[in-house]
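So the structure is just underneath, and the comments pick up after that.
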Amino acid sequence: MNSKMTTRNTKVMNRFDVTSRLIAKLKHEEAVIGGIGNTNFDLWAAGHRPQNFYMLGSMGLAFPIALGVALAQPGRRVFALEGDGSLLMQLGALATIAALKPKNLIMIVMDNGIYQITGAQPTPAAGVADIVAIAVGSGLANSAWAADEEDFERLVEAAMSATEPHLIAVRIDDKPGVGTTRRDPVQIRERFMHGLGVRELL
Amino acid sequence: MAIAEQQTSPQAAQGSSDGSWHGIVLQTLKRNEISLVPYVPDRVLTPLIKNLHADPFFTTFATAREEEAVGIVSGAWMGGRRGAVLMQTSGFATLANVLASLAVPYQIPLIMFVSERGTLGEFNYGQSLVCRTMRPVLDSLALEHHTITRLDELEFIADRSIKQAVTTQAPVALILNPLLTGGKTFDK
């Protein structure tokens, strides 16, 4: 299969580095949803923004949560960062997003083939399934592997002015997250809503 | 199911303001500005789903799993748009994790309508068993829930519960009992 070749040819990048590159590109108060575990730890470590939402559970729901934000605020770009293991829990969400075609949703998958945070056990998909092929098969035509960091930035830029949802998959190493998100769910939610202009802080 | 439904609401499936249970649910959603309604379908919910699709006020669509729908309305709430999730009893049984790790700790007013199967004439043993897990899960998280059995109480319970969920930032489950909807009966 072609996509497998593409996977093999992609550079193994680093989650924190890639996340930092994404954050540096955000100039218009774009929302960012960070999936459970290392994914949101590195989002936190890249520098807190009022438009960041950090998940402390509900593995696999980064894309659905981001879809909800995207449907609520169609004028704002919404990014979702998700791990490959998390995405495997909720593959059906890809078809839901493909059916709804939100023009402002950009999905980023950090694929290291392992459950790093629980002891680096391989996922059932590791070396077998191709996330981008799954996404394309789910109806998300604008799905691609980032070949390297520059290609990742190019794909992000292309997605920012797109009129259809985009998915960018990044092969990453086995490093843990750089920081640890402060686990205060109410404050996370309240600050996020403030960052989206939905309500004022007390 | 069609026969059973006629027993409780002869005007069923005629529209959204005919006094049927699903017409009252639709109007109550609209009055409370709940416009995003993802669902995993259920036979009993069919007229409600059909009428939601027919009404341009609503964005309504099927999701692959109930927790996906919970994620969607949670994100929408944070973005300033209200939603509600429609599901069947067996679907609710898949939600313990997302309730305990998203809706409750983040204080999200998750509004759930659950079509109750597994009681009052259930013909599938698995459905009757899964039904028995629903209220213990709700009670274990001290979640507000009401079982609606009467048409004349539906609007009051639904409207007040939605308002309470929003103002207290807490989830609520509205369980649509077969006494209200007619339920699903063995009609082979």
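How things are named: the first chain in the structure tokens is A, the next is B, and so on; residues count from 1 in each chain; ligands count from 1 in the order shown.
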Just want the 8 Å neighbourhood of Glu68 of chain B, counted on only C-alpha atoms, with same-chain residues fewer than 5 positions away dropped. Output as an MDAnalysis selection string. (chainID A and resid 61 64 90 93) or (chainID B and resid 63)
Among segment 2-184 of chain B, which residues carry a DSSP assignment of alpha helix (DSSP H), reported as a PyMOL selection string? chain B and resi 2-8+21-31+46-54+66-78+89-92+96-98+125-140+151-168+178-181
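Separating atom CA of Ser128 of chain B from atom CA of Lys184 of chain B is a distance of 12.3 Å.
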Please run DSSP on the backbone and report, as a VMD selection string, all residues within segment 7-183 of chain A that come out as strand (DSSP E or B). chain A and resid 13 31 to 34 52 to 54 78 to 83 105 to 111 114 to 115 121 to 122 143 to 145 166 to 172
Using C-alpha atoms, can you export the residues from the last selection as a PDB file, in the first residue's frame?
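New file out-v5.pdb:
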ATOM      1  CA  MET A  13       9.744  14.085  14.899  1.00  0.00           C
ATOM      2  CA  ALA A  31      -8.720  27.209  19.662  1.00  0.00           C
ATOM      3  CA  VAL A  32      -6.547  24.184  20.468  1.00  0.00           C
ATOM      4  CA  ILE A  33      -7.872  21.026  22.118  1.00  0.00           C
ATOM      5  CA  GLY A  34      -5.178  18.866  23.678  1.00  0.00           C
ATOM      6  CA  ASN A  52      -6.183  26.039  24.913  1.00  0.00           C
ATOM      7  CA  PHE A  53      -8.312  23.250  26.365  1.00  0.00           C
ATOM      8  CA  TYR A  54      -6.629  20.391  28.201  1.00  0.00           C
ATOM      9  CA  VAL A  78     -10.083  24.960  15.785  1.00  0.00           C
ATOM     10  CA  PHE A  79      -7.129  22.588  16.157  1.00  0.00           C
ATOM     11  CA  ALA A  80      -7.263  19.230  17.888  1.00  0.00           C
ATOM     12  CA  LEU A  81      -4.146  17.362  18.990  1.00  0.00           C
ATOM     13  CA  GLU A  82      -4.626  13.647  19.520  1.00  0.00           C
ATOM     14  CA  GLY A  83      -2.435  10.616  20.082  1.00  0.00           C
ATOM     15  CA  LEU A 105     -11.442  22.061  11.991  1.00  0.00           C
ATOM     16  CA  ILE A 106      -7.854  20.835  11.766  1.00  0.00           C
ATOM     17  CA  MET A 107      -6.912  17.494  13.314  1.00  0.00           C
ATOM     18  CA  ILE A 108      -3.348  16.606  14.209  1.00  0.00           C
ATOM     19  CA  VAL A 109      -2.406  13.055  15.136  1.00  0.00           C
ATOM     20  CA  MET A 110       0.799  12.391  17.077  1.00  0.00           C
ATOM     21  CA  ASP A 111       1.672   8.847  16.095  1.00  0.00           C
ATOM     22  CA  ILE A 114       2.820   3.214  21.598  1.00  0.00           C
ATOM     23  CA  TYR A 115       0.956   4.012  24.763  1.00  0.00           C
ATOM     24  CA  GLN A 121       3.306  -0.768  25.113  1.00  0.00           C
ATOM     25  CA  PRO A 122       2.684  -0.960  21.328  1.00  0.00           C
ATOM     26  CA  SER A 143      -5.380  13.893   5.203  1.00  0.00           C
ATOM     27  CA  ALA A 144      -1.626  13.635   4.942  1.00  0.00           C
ATOM     28  CA  TRP A 145       1.534  12.511   6.696  1.00  0.00           C
ATOM     29  CA  HIS A 166      -7.872  18.681   7.380  1.00  0.00           C
ATOM     30  CA  LEU A 167      -5.977  15.924   9.161  1.00  0.00           C
ATOM     31  CA  ILE A 168      -2.219  15.990   9.597  1.00  0.00           C
ATOM     32  CA  ALA A 169      -0.441  12.931  10.938  1.00  0.00           C
ATOM     33  CA  VAL A 170       3.003  13.238  12.468  1.00  0.00           C
ATOM     34  CA  ARG A 171       5.318  10.388  13.288  1.00  0.00           C
ATOM     35  CA  ILE A 172       6.850  11.155  16.663  1.00  0.00           C
TER      36      ILE A 172
END
Output as a list in words the set of chain B residues within 8 Å of chain A, with distances taken over only C-alpha atoms.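 Taking only C-alpha atoms into account, Ala62, Thr63, Ala64, Arg65, Glu67, Glu68, Ala69, Gly71, Ile72, Val73, Ser74, Gly75, Ala76, Trp77, Met78, Gly79, Gly80, Arg81, Asn97, Val98, Ser101, Leu102, Pro105, Tyr106 and Gln107 of chain B sit within 8 Å of chain A.
Distance-wise, atom CA of Gly118 of chain B and atom CA of Arg132 of chain B end up 7.9 Å apart.
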For Asp42 of chain A, find every residue with an atom within 12 Å (counting only C-alpha atoms), except residues of its own chain fewer than 5 positions away, and show them as number ranges by chain. A: 14-23, 33-37, 47-48, 52, 54, 81-83, 110, 175-181
Across B:Val85, B:Ile148, B:Leu99, B:Ile24, the smallest distance to Val37 of chain B, with only C-alpha atoms counted, is shown by B:Val85
May I ask for the distance between atom CA of Ser115 of chain B and atom CA of Met87 of chain B, given in Å to one decimal place?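 According to the coordinates, atom CA of Ser115 of chain B and atom CA of Met87 of chain B are separated by 6.2 Å.
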Would you pick out the contacts of Ser161 of chain B at 7 Å or less, using only C-alpha atoms, so that residues sharing its chain but fewer than 4 positions from it are not included, and give the list as a tab-separated table (two decimals) with C-alpha atoms, in the first residue's frame?
chain	number	residue	atom	x	y	z
B	157	ILE	CA	-39.77	18.33	33.85
B	165	ALA	CA	-28.55	22.01	34.20
B	172	VAL	CA	-29.02	15.89	33.67
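Checking B:Gly121, B:Gly126, B:Pro136, B:Pro171 one by one against Ala103 of chain B, counting only C-alpha atoms, you find the shortest gap at B:Pro171.
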